[in-house]
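S.K.: Take a look at work_26.txt, compact mmCIF, C-alpha atoms and all ligand atoms:
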# COMPACT_ATOMS: atom_id res chain seq x y z
CA MET W 1 101.35 -12.50 -5.49
CA THR W 2 100.39 -9.62 -7.70
CA GLN W 3 99.16 -10.84 -11.07
CA SER W 4 100.13 -9.56 -14.52
CA PHE W 5 97.88 -6.76 -15.70
CA HIS W 6 95.47 -7.67 -18.51
CA PRO W 7 93.31 -4.73 -19.58
CA PRO W 8 89.90 -5.43 -21.14
CA GLN W 9 89.39 -4.91 -24.86
CA ARG W 10 87.63 -1.53 -25.28
CA ILE W 11 86.42 0.53 -28.19
CA LEU W 12 87.93 3.97 -27.59
CA LEU W 13 85.52 6.59 -28.90
CA GLY W 14 86.47 9.43 -26.57
CA PRO W 15 88.77 12.45 -26.91
CA GLY W 16 91.88 10.23 -26.95
CA PRO W 17 93.55 7.86 -26.61
CA SER W 18 91.86 6.26 -29.60
CA ASP W 19 92.08 2.62 -30.64
CA VAL W 20 95.63 1.60 -31.44
CA SER W 21 96.17 -0.44 -34.57
CA PRO W 22 97.29 -4.03 -33.80
CA ARG W 23 100.14 -3.40 -36.24
CA VAL W 24 101.39 -0.61 -33.97
CA LEU W 25 101.23 -2.78 -30.86
CA GLU W 26 103.00 -5.58 -32.69
CA ALA W 27 105.75 -3.18 -33.81
CA MET W 28 106.25 -2.04 -30.22
CA GLY W 29 106.92 -5.62 -29.12
CA ARG W 30 109.97 -5.95 -31.39
CA PRO W 31 113.45 -6.24 -29.84
CA THR W 32 114.77 -3.18 -28.06
CA ILE W 33 118.07 -2.00 -29.53
CA GLY W 34 120.39 0.82 -28.52
CA HIS W 35 119.29 4.40 -29.10
CA LEU W 36 122.57 5.08 -30.94
CA ASP W 37 122.56 1.80 -32.89
CA PRO W 38 123.04 2.70 -36.58
CA VAL W 39 119.94 0.67 -37.46
CA PHE W 40 117.91 2.66 -34.96
CA VAL W 41 119.34 5.97 -36.20
CA ALA W 42 118.29 5.04 -39.75
CA MET W 43 114.76 4.36 -38.44
CA MET W 44 114.79 7.82 -36.80
CA ASP W 45 115.59 9.42 -40.14
CA GLU W 46 112.65 7.61 -41.72
CA LEU W 47 110.46 8.69 -38.85
CA LYS W 48 111.36 12.34 -39.46
CA CYS W 49 110.43 11.98 -43.15
CA LEU W 50 107.14 10.33 -42.21
CA LEU W 51 106.38 13.18 -39.80
CA GLN W 52 107.15 15.69 -42.55
CA TYR W 53 104.62 13.82 -44.68
CA ALA W 54 101.98 13.97 -41.94
CA PHE W 55 102.59 17.66 -41.21
CA ARG W 56 102.87 18.47 -44.94
CA THR W 57 106.15 20.26 -44.42
CA ARG W 58 109.76 20.34 -45.49
CA ASN W 59 110.81 21.80 -42.13
CA GLU W 60 114.15 20.36 -41.12
CA LEU W 61 113.24 20.81 -37.45
CA THR W 62 110.58 18.08 -37.35
CA LEU W 63 110.73 15.34 -34.73
CA PRO W 64 108.77 13.49 -32.04
CA VAL W 65 109.31 14.87 -28.53
CA SER W 66 109.73 12.01 -26.04
CA ALA W 67 106.64 12.85 -23.99
CA PRO W 68 102.88 13.39 -24.52
CA GLY W 69 101.10 16.15 -26.45
CA SER W 70 101.35 18.51 -23.48
CA ALA W 71 105.13 18.34 -23.80
CA GLY W 72 104.78 19.25 -27.47
CA MET W 73 102.89 22.33 -26.31
CA GLU W 74 105.56 23.11 -23.75
CA THR W 75 108.35 22.60 -26.32
CA ALA W 76 106.77 25.25 -28.56
CA PHE W 77 106.38 27.78 -25.75
CA VAL W 78 109.67 27.35 -23.88
CA ASN W 79 111.69 27.55 -27.08
CA LEU W 80 109.92 30.48 -28.74
CA VAL W 81 108.93 32.63 -25.76
CA GLU W 82 111.40 34.62 -23.68
CA PRO W 83 110.93 36.35 -20.33
CA GLY W 84 109.29 39.74 -20.82
CA ASP W 85 107.67 38.76 -24.15
CA SER W 86 104.06 39.47 -24.92
CA VAL W 87 102.13 36.53 -26.39
CA ILE W 88 98.59 36.61 -27.78
CA VAL W 89 96.74 33.47 -26.66
CA CYS W 90 93.38 32.64 -28.21
CA GLN W 91 91.08 30.82 -25.80
CA ASN W 92 87.95 28.95 -26.81
CA GLY W 93 88.35 25.85 -24.65
CA VAL W 94 90.56 23.95 -22.23
CA PHE W 95 93.72 23.91 -24.28
CA GLY W 96 93.85 27.69 -24.73
CA LEU W 97 93.83 27.96 -20.93
CA ARG W 98 96.88 25.70 -20.78
CA MET W 99 98.65 27.83 -23.35
CA GLN W 100 98.22 30.82 -21.04
CA GLU W 101 99.77 28.78 -18.19
CA ASN W 102 102.73 27.97 -20.42
CA VAL W 103 103.26 31.61 -21.41
CA GLU W 104 103.13 32.85 -17.83
CA ARG W 105 105.52 30.15 -16.64
CA CYS W 106 107.98 31.36 -19.30
CA GLY W 107 107.97 34.75 -17.55
CA ALA W 108 106.02 36.35 -20.40
CA THR W 109 102.69 38.17 -20.50
CA ALA W 110 99.67 36.47 -22.05
CA VAL W 111 97.18 38.73 -23.81
CA ILE W 112 93.95 36.77 -24.11
CA VAL W 113 91.54 36.68 -27.06
CA LYS W 114 88.40 35.04 -25.72
CA ASP W 115 85.68 33.22 -27.60
CA GLU W 116 82.80 31.19 -26.23
CA TRP W 117 83.36 27.47 -25.71
CA GLY W 118 81.81 25.89 -28.79
CA GLN W 119 82.81 28.78 -31.08
CA PRO W 120 85.92 29.02 -33.28
CA VAL W 121 88.56 31.70 -32.70
CA ASP W 122 87.29 34.95 -34.22
CA PRO W 123 89.92 36.32 -36.67
CA ASN W 124 88.59 39.87 -36.22
CA LYS W 125 89.15 39.74 -32.48
CA LEU W 126 92.70 38.52 -33.05
CA GLU W 127 93.34 41.35 -35.51
CA ASP W 128 91.97 43.98 -33.07
CA THR W 129 94.07 42.57 -30.24
CA LEU W 130 97.23 42.62 -32.37
CA LYS W 131 96.56 46.26 -33.29
CA ALA W 132 96.22 47.10 -29.61
CA HIS W 133 99.41 45.18 -28.74
CA PRO W 134 102.14 46.05 -31.24
CA GLU W 135 104.71 44.69 -28.76
CA ALA W 136 103.44 41.10 -29.23
CA ARG W 137 105.92 38.69 -30.85
CA THR W 138 103.90 35.47 -30.85
CA VAL W 139 100.33 34.30 -31.46
CA ALA W 140 99.10 30.92 -30.20
CA PHE W 141 95.85 29.08 -30.81
CA VAL W 142 94.31 25.63 -31.03
CA GLN W 143 93.29 24.40 -34.48
CA SER W 144 91.15 21.56 -33.17
CA GLU W 145 89.69 22.21 -29.69
CA THR W 146 89.15 18.71 -28.35
CA SER W 147 87.22 20.07 -25.36
CA THR W 148 84.46 21.47 -27.59
CA GLY W 149 84.78 19.81 -31.02
CA VAL W 150 85.49 23.11 -32.78
CA GLU W 151 87.88 23.75 -35.64
CA SER W 152 89.38 27.22 -36.09
CA ASP W 153 90.64 28.64 -39.38
CA THR W 154 94.38 28.12 -39.07
CA ARG W 155 95.27 29.62 -42.44
CA ALA W 156 93.44 32.89 -41.67
CA LEU W 157 94.77 33.17 -38.11
CA VAL W 158 98.39 32.56 -39.14
CA GLU W 159 98.09 35.14 -41.90
CA ILE W 160 96.89 37.77 -39.41
CA ALA W 161 99.72 36.88 -37.01
CA HIS W 162 102.31 37.34 -39.77
CA LYS W 163 100.79 40.64 -40.88
CA HIS W 164 101.65 41.88 -37.39
CA ASP W 165 105.17 40.39 -37.37
CA CYS W 166 104.33 37.58 -34.98
CA LEU W 167 105.23 33.92 -35.16
CA ALA W 168 102.28 31.53 -34.94
CA ILE W 169 102.14 28.51 -32.61
CA VAL W 170 99.43 26.01 -33.56
CA ASP W 171 98.06 23.15 -31.44
CA ALA W 172 97.22 20.36 -33.89
CA VAL W 173 97.09 17.52 -31.36
CA THR W 174 93.67 16.27 -32.42
CA ALA W 175 93.92 17.57 -35.98
CA LEU W 176 96.96 15.70 -37.27
CA GLY W 177 95.94 12.74 -39.43
CA GLY W 178 92.22 13.48 -39.08
CA THR W 179 91.67 16.83 -40.79
CA PRO W 180 93.86 18.92 -43.11
CA VAL W 181 96.97 20.39 -41.49
CA GLU W 182 99.08 22.25 -44.07
CA THR W 183 102.14 23.36 -42.15
CA ASP W 184 104.04 24.83 -45.13
CA ASP W 185 101.11 26.04 -47.19
CA TRP W 186 99.59 27.87 -44.20
CA LYS W 187 103.07 29.08 -43.12
CA ILE W 188 102.75 27.81 -39.55
CA ASP W 189 105.86 28.57 -37.47
CA ALA W 190 105.51 26.03 -34.68
CA ILE W 191 103.12 23.11 -34.58
CA TYR W 192 102.73 20.20 -32.21
CA ALA W 193 100.57 17.08 -32.13
CA GLY W 194 100.06 13.92 -30.12
CA SER W 195 100.56 10.27 -30.99
CA GLN W 196 97.30 8.95 -29.48
CA LYS W 197 94.57 10.85 -31.31
CA CYS W 198 94.17 10.57 -35.10
CA LEU W 199 97.55 8.86 -35.55
CA SER W 200 96.31 5.76 -33.64
CA CYS W 201 99.54 5.22 -31.79
CA THR W 202 99.93 4.74 -28.04
CA PRO W 203 100.06 7.94 -25.93
CA GLY W 204 103.39 9.43 -24.95
CA LEU W 205 104.93 11.05 -28.02
CA ALA W 206 104.51 14.56 -29.38
CA PRO W 207 105.38 15.20 -33.04
CA VAL W 208 106.53 18.81 -33.49
CA SER W 209 107.68 20.92 -36.42
CA PHE W 210 109.30 24.37 -36.54
CA SER W 211 109.71 26.69 -39.53
CA GLU W 212 113.03 28.30 -40.47
CA ALA W 213 111.83 31.59 -38.90
CA ALA W 214 111.08 29.77 -35.66
CA ALA W 215 114.44 27.96 -35.73
CA GLU W 216 116.14 31.32 -36.27
CA ARG W 217 114.39 32.77 -33.23
CA ILE W 218 115.48 29.80 -31.13
CA ARG W 219 119.11 30.20 -32.22
CA LYS W 220 119.05 33.93 -31.40
CA ARG W 221 117.51 33.67 -27.95
CA ARG W 222 118.82 36.09 -25.34
CA HIS W 223 118.07 33.69 -22.46
CA LYS W 224 118.68 29.97 -22.15
CA VAL W 225 115.54 27.87 -22.61
CA GLN W 226 114.38 27.33 -19.03
CA SER W 227 113.71 23.62 -19.62
CA TRP W 228 116.86 21.60 -20.11
CA PHE W 229 114.93 18.56 -21.38
CA LEU W 230 112.87 20.45 -23.98
CA ASP W 231 115.62 22.82 -25.20
CA LEU W 232 115.62 22.13 -28.95
CA ASN W 233 119.20 23.36 -29.29
CA LEU W 234 120.19 20.34 -27.17
CA VAL W 235 117.58 17.88 -28.46
CA MET W 236 118.89 18.44 -31.99
CA ALA W 237 122.28 17.01 -31.00
CA TYR W 238 120.43 13.69 -30.94
CA TRP W 239 117.72 14.19 -33.57
CA GLY W 240 119.63 16.45 -36.02
CA GLN W 241 119.97 15.26 -39.61
CA GLY W 242 123.33 13.97 -40.84
CA ALA W 243 125.39 15.36 -37.98
CA LYS W 244 126.92 12.89 -35.57
CA ARG W 245 124.29 11.85 -33.02
CA SER W 246 125.15 12.30 -29.40
CA TYR W 247 123.39 11.32 -26.23
CA HIS W 248 120.78 13.73 -24.92
CA HIS W 249 118.27 11.36 -23.32
CA THR W 250 117.49 7.71 -23.99
CA ALA W 251 114.85 7.71 -26.69
CA PRO W 252 111.68 5.72 -25.95
CA ILE W 253 112.88 3.13 -28.45
CA ASN W 254 109.86 0.82 -28.66
CA ALA W 255 107.38 3.68 -28.54
CA LEU W 256 109.16 5.14 -31.59
CA TYR W 257 108.78 1.80 -33.42
CA GLY W 258 105.07 2.22 -32.76
CA LEU W 259 104.93 5.76 -34.12
CA HIS W 260 106.94 4.70 -37.18
CA GLU W 261 104.41 1.93 -37.86
CA ALA W 262 101.44 4.28 -37.28
CA LEU W 263 102.87 6.69 -39.85
CA VAL W 264 103.64 3.88 -42.31
CA ILE W 265 99.94 2.99 -42.05
CA LEU W 266 98.99 6.64 -42.66
CA GLU W 267 101.24 6.79 -45.71
CA GLU W 268 99.80 3.53 -47.07
CA GLU W 269 96.26 4.88 -46.78
CA GLY W 270 97.27 8.29 -48.10
CA ILE W 271 96.68 11.27 -45.84
CA GLU W 272 93.94 12.78 -48.04
CA HIS W 273 92.11 9.46 -47.89
CA ALA W 274 92.44 9.46 -44.11
CA TRP W 275 90.87 12.95 -43.98
CA ALA W 276 88.04 11.78 -46.26
CA ARG W 277 87.44 8.69 -44.12
CA HIS W 278 87.16 10.82 -40.96
CA ARG W 279 84.63 13.05 -42.71
CA ARG W 280 82.60 10.14 -44.12
CA ASN W 281 82.27 8.40 -40.74
CA HIS W 282 81.45 11.68 -39.00
CA THR W 283 78.67 12.41 -41.48
CA ALA W 284 77.11 8.97 -41.00
CA LEU W 285 77.36 9.28 -37.21
CA ARG W 286 75.83 12.76 -37.37
CA ASP W 287 72.85 11.55 -39.42
CA GLY W 288 72.31 8.68 -36.99
CA LEU W 289 72.52 10.87 -33.88
CA GLU W 290 70.21 13.49 -35.37
CA ALA W 291 67.70 10.81 -36.38
CA MET W 292 67.65 9.86 -32.69
CA GLY W 293 66.82 13.46 -31.84
CA LEU W 294 70.28 14.39 -30.52
CA ARG W 295 71.80 17.79 -31.30
CA PHE W 296 75.37 18.99 -31.81
CA LEU W 297 76.99 21.76 -29.76
CA VAL W 298 78.88 23.24 -32.72
CA GLU W 299 77.57 24.82 -35.94
CA PRO W 300 78.14 22.54 -38.98
CA ALA W 301 80.76 24.82 -40.55
CA HIS W 302 83.11 24.56 -37.54
CA ARG W 303 82.64 20.94 -36.50
CA LEU W 304 85.58 18.59 -36.14
CA PRO W 305 84.75 15.27 -37.81
CA GLN W 306 87.03 13.45 -35.37
CA LEU W 307 85.43 14.90 -32.21
CA ASN W 308 81.66 15.12 -32.00
CA ALA W 309 80.32 17.27 -29.16
CA VAL W 310 76.73 16.15 -28.62
CA ARG W 311 74.25 17.83 -26.26
CA VAL W 312 72.90 15.66 -23.45
CA PRO W 313 69.09 15.60 -23.76
CA GLU W 314 66.99 17.11 -20.97
CA GLY W 315 66.46 14.72 -18.07
CA VAL W 316 69.19 12.25 -19.07
CA ASP W 317 71.87 11.24 -16.55
CA GLU W 318 74.93 11.76 -18.73
CA ALA W 319 77.37 9.89 -16.45
CA ALA W 320 75.03 6.88 -16.29
CA VAL W 321 74.95 6.73 -20.09
CA ARG W 322 78.75 6.75 -20.26
CA ALA W 323 78.94 4.07 -17.56
CA ALA W 324 76.44 1.85 -19.42
CA LEU W 325 78.37 2.27 -22.67
CA LEU W 326 81.55 1.19 -20.91
CA ASN W 327 80.11 -1.64 -18.82
CA ASP W 328 77.61 -3.13 -21.26
CA TYR W 329 79.34 -2.45 -24.57
CA GLY W 330 83.01 -1.81 -23.75
CA ILE W 331 82.76 1.60 -25.43
CA GLU W 332 84.45 4.67 -23.99
CA ILE W 333 83.20 8.16 -24.83
CA GLY W 334 84.20 11.43 -23.15
CA ALA W 335 82.42 13.80 -20.77
CA GLY W 336 82.16 17.58 -21.09
CA LEU W 337 84.83 19.73 -19.43
CA GLY W 338 84.62 23.08 -17.61
CA PRO W 339 81.43 24.98 -18.43
CA LEU W 340 80.30 22.05 -20.61
CA ALA W 341 80.55 19.43 -17.83
CA GLY W 342 77.27 17.52 -17.64
CA LYS W 343 76.01 19.24 -20.80
CA ILE W 344 77.75 17.35 -23.61
CA TRP W 345 79.27 14.03 -24.53
CA ARG W 346 82.43 13.98 -26.60
CA ILE W 347 82.37 11.20 -29.16
CA GLY W 348 85.67 10.69 -30.91
CA LEU W 349 86.03 8.97 -34.26
CA MET W 350 89.78 9.20 -34.43
CA GLY W 351 92.33 7.35 -36.52
CA HIS W 352 91.95 3.57 -36.52
CA ALA W 353 88.64 3.94 -34.59
CA SER W 354 87.05 6.04 -37.33
CA ASN W 355 85.25 3.25 -39.15
CA GLN W 356 81.78 2.15 -40.15
CA ARG W 357 81.60 -0.71 -37.67
CA ASN W 358 82.17 1.64 -34.72
CA VAL W 359 79.55 4.09 -36.01
CA TYR W 360 76.97 1.29 -36.16
CA ILE W 361 77.90 -0.19 -32.78
CA LEU W 362 77.80 3.18 -31.04
CA LEU W 363 74.46 4.19 -32.56
CA SER W 364 72.89 0.85 -31.59
CA ALA W 365 74.27 1.01 -28.07
CA LEU W 366 73.21 4.63 -27.52
CA GLU W 367 69.72 3.91 -28.81
CA HIS W 368 69.36 1.04 -26.38
CA ILE W 369 70.74 2.97 -23.38
CA LEU W 370 68.80 6.20 -24.06
CA GLY W 371 65.62 4.18 -24.58
CA ARG W 372 66.17 2.54 -21.18
CA GLN W 373 66.57 6.01 -19.65
CA GLY W 374 63.12 6.95 -20.91
CA VAL W 375 64.11 9.10 -23.92
CA ALA W 376 61.31 8.94 -26.48
CA LEU W 377 62.94 7.63 -29.66
CA GLU W 378 61.92 5.46 -32.52
CA ARG W 379 63.89 2.20 -32.59
CA GLY W 380 66.01 1.57 -35.66
CA VAL W 381 65.95 5.05 -37.18
CA ALA W 382 69.52 5.93 -36.18
CA LEU W 383 71.11 2.94 -37.84
CA ALA W 384 68.92 3.38 -40.90
CA ALA W 385 69.97 7.02 -41.24
CA ALA W 386 73.65 6.13 -40.97
CA GLN W 387 73.28 3.30 -43.48
CA LYS W 388 71.54 5.63 -45.89
CA ARG W 389 74.36 8.15 -45.58
CA TYR W 390 77.03 5.52 -46.25
CA ALA W 391 75.08 4.35 -49.30
CA GLN W 392 74.91 7.94 -50.62
CA ASP W 393 78.59 8.61 -49.92
CA SER W 394 79.97 5.46 -51.49
C1 LIG G 401 94.98 15.79 -26.02
C2 LIG G 401 95.33 17.21 -26.31
C3 LIG G 401 96.48 17.83 -25.76
C4 LIG G 401 97.36 17.16 -24.75
O1 LIG G 401 97.92 15.98 -25.16
P1 LIG G 401 98.40 14.92 -24.05
O2 LIG G 401 98.99 13.83 -24.87
O3 LIG G 401 97.19 14.53 -23.28
O4 LIG G 401 99.39 15.58 -23.19
C5 LIG G 401 96.75 19.13 -26.13
N1 LIG G 401 95.95 19.81 -26.99
C6 LIG G 401 94.85 19.26 -27.51
C7 LIG G 401 94.01 20.05 -28.45
C8 LIG G 401 94.50 17.95 -27.19
O5 LIG G 401 93.40 17.40 -27.71
Would you encode the structure as structure tokens?
Ligand SMILES: *Cc1c(COP(=O)(O)O)cnc(C)c1O
M.R.:
Amino acid sequence: MTQSFHPPQRILLGPGPSDVSPRVLEAMGRPTIGHLDPVFVAMMDELKCLLQYAFRTRNELTLPVSAPGSAGMETAFVNLVEPGDSVIVCQNGVFGLRMQENVERCGATAVIVKDEWGQPVDPNKLEDTLKAHPEARTVAFVQSETSTGVESDTRALVEIAHKHDCLAIVDAVTALGGTPVETDDWKIDAIYAGSQKCLSCTPGLAPVSFSEAAAERIRKRRHKVQSWFLDLNLVMAYWGQGAKRSYHHTAPINALYGLHEALVILEEEGIEHAWARHRRNHTALRDGLEAMGLRFLVEPAHRLPQLNAVRVPEGVDEAAVRAALLNDYGIEIGAGLGPLAGKIWRIGLMGHASNQRNVYILLSALEHILGRQGVALERGVALAAAQKRYAQDS
């Protein structure tokens, strides 16, 4: 007989999923009710308000797509892009490559603005590209490149897009809940996130939000959205405010309880406090890693506090270090992708997992494992550096 599946307890310090709060898991175990039950519909309304809080927006068109972050990306592209359109896609990592795929599958042309992996999107390059492509209607970029640990300047990039009459699509999958995302203040037109990064929920839901200008474009489309499931005109029959709800698809009821609880936790902490916590733990981790002699991939000004891209020292077997962290300590960290494969580790301090205990455990474990691999390091300095930083920051 096949046995029930019991996963081990891990500490998830990779690029996502991150540790899920026990409160979220507990919420997900509550009784399943109907997706049109009035009690459930009232919970959906609360969930929309909580998402508006997280996105810092009043956008009416704010909801969780019933699928992972990638579906949030696809929702933005299939609804805003029409066949024959020209879309400027900024690429400085894995997720910009996927945006190009989305654009081309919509029957549109992607015009690429390229920056090195490890660098932010260069606003001047975007401006030059927009000048050379007056036909472009949309600009897309990633605020928080999880593949490299880089943050781009969303406010500046959106402003340039608008100057050239384009709508701006922003990937905030790793940003939301970890670093400032100001949907209204920065005038973002379409933004999507994921439940499993800094929101500390289980994977499988994609919060999205669309401005009035974006909603207007969706209403005025010349072609039907090619995806029936992600067509917001149809999804809104179920998620729309006030109006009578009608069946579109069966909502992932218990997963939505989980997201509701994750956002209640965020609201209790206060989103600014959550941003500050991510920064404080990043700074302590950074001091500890640097005391051990490790170096970051990204310049300090563009580093994401929730995703630390750390260079693998010369002569170290990077996969063996990750395996030892997992097997001996139950800690998961991420590997490098694409041109950075084998060259970096990606250490996430996201959401619930961004805490002092995890910083200390990871530094101690890394020191032990790197020492075993023959890296010359002084025992105890990493933890001492992190402790000193916490003492200074408190
Ligand atoms: C994780 C991630 C995604 C994809 O989210 P999934 O939930 O894995 O589909 C998209 N963009 C960025 C920046 C991400 O970090």
S.K.: With 10 Å as the cut-off and all atoms listed in the file counted, what is the closest atom pair between each nearby residue of chain W and ligand LIG 401 (chain G)? Distances in Å to one decimal, ordered by chain and number, as CSV.
M.R.:
residue,atom,partner,partner_atom,distance
W:Pro15,CA,G:LIG401,O5,6.8
W:Gly16,CA,G:LIG401,C1,6.4
W:Pro17,CA,G:LIG401,C1,8.1
W:Ala67,CA,G:LIG401,O2,7.8
W:Pro68,CA,G:LIG401,O2,3.9
W:Gly69,CA,G:LIG401,O1,3.4
W:Ser70,CA,G:LIG401,O4,3.5
W:Ala71,CA,G:LIG401,O4,6.4
W:Gly72,CA,G:LIG401,O4,7.8
W:Met73,CA,G:LIG401,C5,6.9
W:Glu74,CA,G:LIG401,O4,9.8
W:Gly93,CA,G:LIG401,C7,9.0
W:Val94,CA,G:LIG401,C7,8.1
W:Phe95,CA,G:LIG401,N1,5.4
W:Gly96,CA,G:LIG401,N1,8.5
W:Arg98,CA,G:LIG401,C5,8.5
W:Met99,CA,G:LIG401,N1,9.2
W:Phe141,CA,G:LIG401,C7,9.5
W:Val142,CA,G:LIG401,C7,6.2
W:Gln143,CA,G:LIG401,C7,7.5
W:Ser144,CA,G:LIG401,C7,5.7
W:Glu145,CA,G:LIG401,C7,5.0
W:Thr146,CA,G:LIG401,O5,4.5
W:Ser147,CA,G:LIG401,O5,7.1
W:Thr148,CA,G:LIG401,C7,9.7
W:Gly149,CA,G:LIG401,O5,9.5
W:Val170,CA,G:LIG401,C7,9.5
W:Asp171,CA,G:LIG401,C7,5.9
W:Ala172,CA,G:LIG401,C7,6.3
W:Val173,CA,G:LIG401,C6,4.8
W:Thr174,CA,G:LIG401,O5,4.9
W:Ala175,CA,G:LIG401,C7,7.9
W:Tyr192,CA,G:LIG401,N1,8.6
W:Ala193,CA,G:LIG401,C5,7.4
W:Gly194,CA,G:LIG401,O2,5.4
W:Ser195,CA,G:LIG401,O2,7.3
W:Gln196,CA,G:LIG401,O2,6.9
W:Lys197,CA,G:LIG401,C1,7.2
W:Thr202,CA,G:LIG401,O2,9.7
W:Pro203,CA,G:LIG401,O2,6.1
W:Gly204,CA,G:LIG401,O2,6.2
W:Leu205,CA,G:LIG401,O2,7.3
W:Ala206,CA,G:LIG401,O2,7.2
W:Leu307,CA,G:LIG401,O5,9.5
S.K.: Let me make sure I understand: among W:Ala335, W:Val321, W:Ala384, W:Ala262, which one has the smallest atom-to-atom distance to Ala291 (chain W) if we use all atoms listed in the file?
M.R.: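 Among the listed residues, the smallest separation from Ala291 (chain W) belongs to W:Ala384.
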S.K.: Do you have the CA of Ile333 (chain W)-CA of Glu378 (chain W) distance handy?
M.R.: 22.8 Å
S.K.: Counting only C-alpha atoms, I want the residues whose atoms come within 10 Å of (82.0, 18.8, -32.8) in the file frame, returned as a count of residues only.
M.R.: 30
S.K.: Do you have the CA of Leu47 (chain W)-CA of Ser66 (chain W) distance handy?
M.R.: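 Computing the Euclidean distance for CA of Leu47 (chain W) and CA of Ser66 (chain W) yields 13.3 Å.
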S.K.: Could you state the separation of CA of Glu26 (chain W) and CA of Leu326 (chain W) in Å, given to one decimal place?
M.R.: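 Going from CA of Glu26 (chain W) over to CA of Leu326 (chain W) covers 25.4 Å.
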S.K.: Please report, as AutoDock Vina command-line options, the centre and edge lengths in Å to one decimal of an axis-aligned box covering all listed atoms of region 230-238 of chain W with 8 Å per side.
M.R.:
--center_x 117.6 --center_y 18.5 --center_z -28.0 --size_x 25.4 --size_y 25.7 --size_z 24.0
S.K.: Hey, which of W:Arg280, W:Lys163, W:Lys48, W:Lys220 ends up closest to Gly240 (chain W)? Count only C-alpha atoms.
M.R.: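 Looking only at the distances to Gly240 (chain W), the closest residue turns out to be W:Lys48.
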S.K.: Find, counting only C-alpha atoms, the residue in W:Pro8, W:Gly374, W:Gly270, W:Gly14 that gets nearest to Ala54 (chain W).
M.R.: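 Among the listed residues, W:Gly270 lies closest to Ala54 (chain W).
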S.K.: Regenerate region 14-24 of chain W at the level of N, CA, C and O atoms and dump it as a JSON list (two decimals), in the coordinates of the input.
M.R.:
[["chain", "number", "residue", "atom", "x", "y", "z"],
["W", 14, "GLY", "N", 86.46, 8.19, -27.35],
["W", 14, "GLY", "CA", 86.47, 9.43, -26.57],
["W", 14, "GLY", "C", 87.41, 10.44, -27.21],
["W", 14, "GLY", "O", 87.70, 10.36, -28.40],
["W", 15, "PRO", "N", 87.88, 11.40, -26.39],
["W", 15, "PRO", "CA", 88.77, 12.45, -26.91],
["W", 15, "PRO", "C", 90.23, 12.01, -27.00],
["W", 15, "PRO", "O", 91.11, 12.85, -27.16],
["W", 16, "GLY", "N", 90.51, 10.75, -26.89],
["W", 16, "GLY", "CA", 91.88, 10.23, -26.95],
["W", 16, "GLY", "C", 92.28, 9.72, -25.58],
["W", 16, "GLY", "O", 91.86, 10.30, -24.59],
["W", 17, "PRO", "N", 93.01, 8.60, -25.48],
["W", 17, "PRO", "CA", 93.55, 7.86, -26.61],
["W", 17, "PRO", "C", 92.44, 7.21, -27.44],
["W", 17, "PRO", "O", 91.36, 6.93, -26.94],
["W", 18, "SER", "N", 92.78, 6.98, -28.72],
["W", 18, "SER", "CA", 91.86, 6.26, -29.60],
["W", 18, "SER", "C", 92.41, 4.85, -29.78],
["W", 18, "SER", "O", 93.52, 4.54, -29.31],
["W", 19, "ASP", "N", 91.63, 3.99, -30.43],
["W", 19, "ASP", "CA", 92.08, 2.62, -30.64],
["W", 19, "ASP", "C", 93.44, 2.59, -31.34],
["W", 19, "ASP", "O", 93.66, 3.33, -32.30],
["W", 20, "VAL", "N", 94.29, 1.74, -30.86],
["W", 20, "VAL", "CA", 95.63, 1.60, -31.44],
["W", 20, "VAL", "C", 95.60, 0.41, -32.41],
["W", 20, "VAL", "O", 95.09, -0.66, -32.07],
["W", 21, "SER", "N", 96.13, 0.63, -33.59],
["W", 21, "SER", "CA", 96.17, -0.44, -34.57],
["W", 21, "SER", "C", 96.98, -1.62, -34.02],
["W", 21, "SER", "O", 98.04, -1.43, -33.43],
["W", 22, "PRO", "N", 96.50, -2.86, -34.23],
["W", 22, "PRO", "CA", 97.29, -4.03, -33.80],
["W", 22, "PRO", "C", 98.69, -4.04, -34.42],
["W", 22, "PRO", "O", 99.64, -4.51, -33.81],
["W", 23, "ARG", "N", 98.81, -3.47, -35.60],
["W", 23, "ARG", "CA", 100.14, -3.40, -36.24],
["W", 23, "ARG", "C", 101.09, -2.55, -35.41],
["W", 23, "ARG", "O", 102.29, -2.83, -35.34],
["W", 24, "VAL", "N", 100.56, -1.49, -34.80],
["W", 24, "VAL", "CA", 101.39, -0.61, -33.97],
["W", 24, "VAL", "C", 101.83, -1.35, -32.71],
["W", 24, "VAL", "O", 103.00, -1.32, -32.32]]
